[in-house]
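First the structure, in the form of structure tokens, and then the observations on it.
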Amino acid sequence: QATYNPVLDRRGRCLKVVKVAADITAQKAQMADCNGQLAAIDKAQAVISFGLDGTILSANENFLTTLGYELADVVGKHHRIFMDETEAAGEAYRAFWDRLRRGEYDAGRYRRLGKAGREVWIQASYNPILDADGKPFKVVKYATDITAQVRVAQAMENVVAQTLGVVEAVKADNLTTRISMAGLTGDLMKVANGVNDLLDTLA
């Protein structure tokens, strides 16, 4: 990091140039490392940033793809565009943003709504970013789309609940109850089919 300073004589003619420099190799290496880490995060995760009032400042391609938006659709809008209206109007949502404005980190599994109201589940962290005085000035969210995993877990819970219902029905000598196959795939479909086949045999 340097400055080149011409030294002039009394008539304003340049006599020589003095260079004053500082070695910033370590800082450049550190900056390259930070930029590399940020680039890796940007490739792997959905990233979006907000002002402290919840206004969307920017979003990366992963985030936009996950929620089905274009950048122009979200910049300048409030975070609540990703929320159910009832939830966004609730006290818990106001408290959520109050915590972020105080600089408190928040992380967990969240239900969000993409374009046209499509349900999306994310595993995310909301990270207040502090200025030189230690005061929050924006919030950055890092998220991973876990919609598929959540739907599998919900389907499993549903199959388990239906199976327990079938067991109770059999105890009461009712062999007409069956597990619904709607929306089931893979191993869950095999389990449901197995239970239903057993009931058919018993019947």
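Naming works like this for the structure tokens: A, B, ... for the chains as they're shown, residue 1 at the start of each chain, ligands 1 onward in shown order.
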
Would you kindly return, as a PDB file with N, CA and C atoms, in the first residue's frame, each protein, DNA or RNA residue with an atom no farther than 12 Å from any atom of range 33-40 of chain A, considering only C-alpha atoms and excluding same-chain residues fewer than 6 positions away?
ATOM      1  N   ALA A  26       0.124  -9.691   4.425  1.00  0.00           N
ATOM      2  CA  ALA A  26      -0.682 -10.482   5.364  1.00  0.00           C
ATOM      3  C   ALA A  26      -2.154 -10.113   5.265  1.00  0.00           C
ATOM      4  N   GLN A  27      -2.426  -8.785   5.167  1.00  0.00           N
ATOM      5  CA  GLN A  27      -3.822  -8.346   5.051  1.00  0.00           C
ATOM      6  C   GLN A  27      -4.461  -8.845   3.759  1.00  0.00           C
ATOM      7  N   ALA A  46     -28.447 -20.538   0.724  1.00  0.00           N
ATOM      8  CA  ALA A  46     -29.310 -19.421   0.366  1.00  0.00           C
ATOM      9  C   ALA A  46     -28.994 -18.276   1.325  1.00  0.00           C
ATOM     10  N   VAL A  47     -28.655 -17.112   0.773  1.00  0.00           N
ATOM     11  CA  VAL A  47     -28.241 -15.975   1.597  1.00  0.00           C
ATOM     12  C   VAL A  47     -29.094 -14.759   1.244  1.00  0.00           C
ATOM     13  N   ASN A  60     -29.016 -13.843  -2.715  1.00  0.00           N
ATOM     14  CA  ASN A  60     -28.227 -14.533  -3.731  1.00  0.00           C
ATOM     15  C   ASN A  60     -29.117 -15.452  -4.577  1.00  0.00           C
ATOM     16  N   TYR A 142     -28.534 -17.032   6.613  1.00  0.00           N
ATOM     17  CA  TYR A 142     -27.983 -18.158   5.861  1.00  0.00           C
ATOM     18  C   TYR A 142     -28.960 -19.312   6.008  1.00  0.00           C
TER      19      TYR A 142
END

With only C-alpha atoms as the counted atoms, please give the residues lying no more than 10 Å from range 110-114 of chain A, apart from itself and same-chain residues fewer than 5 positions off, as an NGL selection string. :A and (64-69 or 80-84 or 119-125 or 143 or 145-147 or 150)

Residues of the last selection are to be written out with N, CA and C atoms, as a compact mmCIF listing (two decimals), in the first residue's frame.
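Writing done, so here's selection-v7.txt:
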# COMPACT_ATOMS: atom_id res chain seq x y z
N LEU A 64 -33.08 -17.00 -4.13
CA LEU A 64 -34.15 -16.69 -5.08
C LEU A 64 -34.72 -17.96 -5.71
N THR A 65 -33.84 -18.91 -6.05
CA THR A 65 -34.31 -20.17 -6.62
C THR A 65 -35.15 -20.96 -5.62
N THR A 66 -34.70 -20.99 -4.36
CA THR A 66 -35.42 -21.72 -3.32
C THR A 66 -36.84 -21.20 -3.13
N LEU A 67 -36.99 -19.88 -3.14
CA LEU A 67 -38.30 -19.27 -2.91
C LEU A 67 -39.05 -18.95 -4.19
N GLY A 68 -38.40 -19.08 -5.35
CA GLY A 68 -39.08 -18.89 -6.63
C GLY A 68 -39.23 -17.45 -7.07
N TYR A 69 -38.40 -16.55 -6.54
CA TYR A 69 -38.50 -15.13 -6.88
C TYR A 69 -37.37 -14.68 -7.78
N ARG A 80 -41.76 -9.97 5.65
CA ARG A 80 -43.08 -10.61 5.83
C ARG A 80 -43.67 -11.15 4.53
N ILE A 81 -43.09 -10.79 3.38
CA ILE A 81 -43.62 -11.37 2.13
C ILE A 81 -43.41 -12.87 2.08
N PHE A 82 -42.51 -13.38 2.93
CA PHE A 82 -42.26 -14.83 2.99
C PHE A 82 -43.07 -15.50 4.09
N MET A 83 -43.95 -14.75 4.74
CA MET A 83 -44.66 -15.25 5.91
C MET A 83 -46.15 -15.42 5.64
N ASP A 84 -46.75 -16.32 6.41
CA ASP A 84 -48.20 -16.40 6.48
C ASP A 84 -48.71 -15.11 7.12
N GLU A 119 -45.29 -23.56 -0.08
CA GLU A 119 -44.67 -23.80 1.22
C GLU A 119 -43.23 -24.25 1.07
N VAL A 120 -42.34 -23.58 1.81
CA VAL A 120 -40.91 -23.93 1.81
C VAL A 120 -40.45 -24.00 3.27
N TRP A 121 -39.72 -25.05 3.60
CA TRP A 121 -39.13 -25.18 4.94
C TRP A 121 -37.64 -24.97 4.83
N ILE A 122 -37.09 -24.15 5.73
CA ILE A 122 -35.66 -23.88 5.72
C ILE A 122 -35.06 -24.09 7.10
N GLN A 123 -33.81 -24.52 7.11
CA GLN A 123 -32.99 -24.52 8.32
C GLN A 123 -32.10 -23.29 8.18
N ALA A 124 -32.24 -22.33 9.10
CA ALA A 124 -31.60 -21.04 8.87
C ALA A 124 -31.07 -20.41 10.15
N SER A 125 -30.16 -19.45 9.95
CA SER A 125 -29.70 -18.60 11.04
C SER A 125 -29.82 -17.15 10.60
N ALA A 143 -29.38 -19.90 4.90
CA ALA A 143 -30.43 -20.91 4.96
C ALA A 143 -30.16 -22.08 4.03
N ASP A 145 -32.48 -25.28 2.21
CA ASP A 145 -33.82 -25.79 1.91
C ASP A 145 -33.96 -27.22 2.44
N ILE A 146 -34.87 -27.41 3.41
CA ILE A 146 -35.10 -28.75 3.97
C ILE A 146 -36.54 -29.20 3.73
N THR A 147 -37.18 -28.62 2.72
CA THR A 147 -38.58 -28.93 2.44
C THR A 147 -38.80 -30.43 2.24
N VAL A 150 -38.57 -32.33 5.54
CA VAL A 150 -39.74 -32.06 6.40
C VAL A 150 -40.96 -32.81 5.90

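Between Ala59 in chain A and the residues A:Val152, A:Met181, A:Ala95, A:Val140, the shortest atom-to-atom distance, using only C-alpha atoms, involves A:Val140.
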
Tell me, which residues of range 112-189 of chain A carry DSSP strand (DSSP E or B), written as an MDAnalysis selection string? chainID A and resid 112:113 119:130 136:145

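Straight-line separation from CA of Thr176 in chain A to CA of Asn196 in chain A: 9.8 Å.
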
Write out as JSON, numbers by chain the residues lying within 12 Å of Asn127 in chain A, counting only C-alpha atoms and excluding same-chain residues fewer than 5 positions away. {"A": [47, 48, 49, 50, 51, 52, 97, 99, 100, 101, 102, 103, 104, 105, 106, 107, 136, 137, 138, 139, 140, 141, 142, 143]}

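Taking CA of Gln162 in chain A and CA of Ile179 in chain A as the two end points, the separation is 5.9 Å.
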
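Considering the residues A:Ala2, A:Ala203, A:Met31, A:Ala182 and counting only C-alpha atoms, Lys19 in chain A has its shortest atom-to-atom contact with A:Ala2.
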
For Lys77 in chain A: contacts at 10 Å, only C-alpha atoms, fewer than 5 positions along chain excluded, given as a PyMOL selection string: chain A and resi 50+54-57+72

Picked from range 26-168 of chain A by DSSP as helix (DSSP H, G or I), as a ChimeraX atom specification: /A:26-44,61-67,71-74,79-82,85-88,91-101,115-117,147-168

Neighbour list for Leu199 in chain A as a list in words, cut-off 12 Å, only C-alpha atoms, skip fewer than 6 positions in-chain: Thr163, Val166, Val167, Ala169, Val170, Asp173, Asn174, Leu175, Thr176, Thr177, Arg178, Ile179, Ala192 and Asn193 of chain A
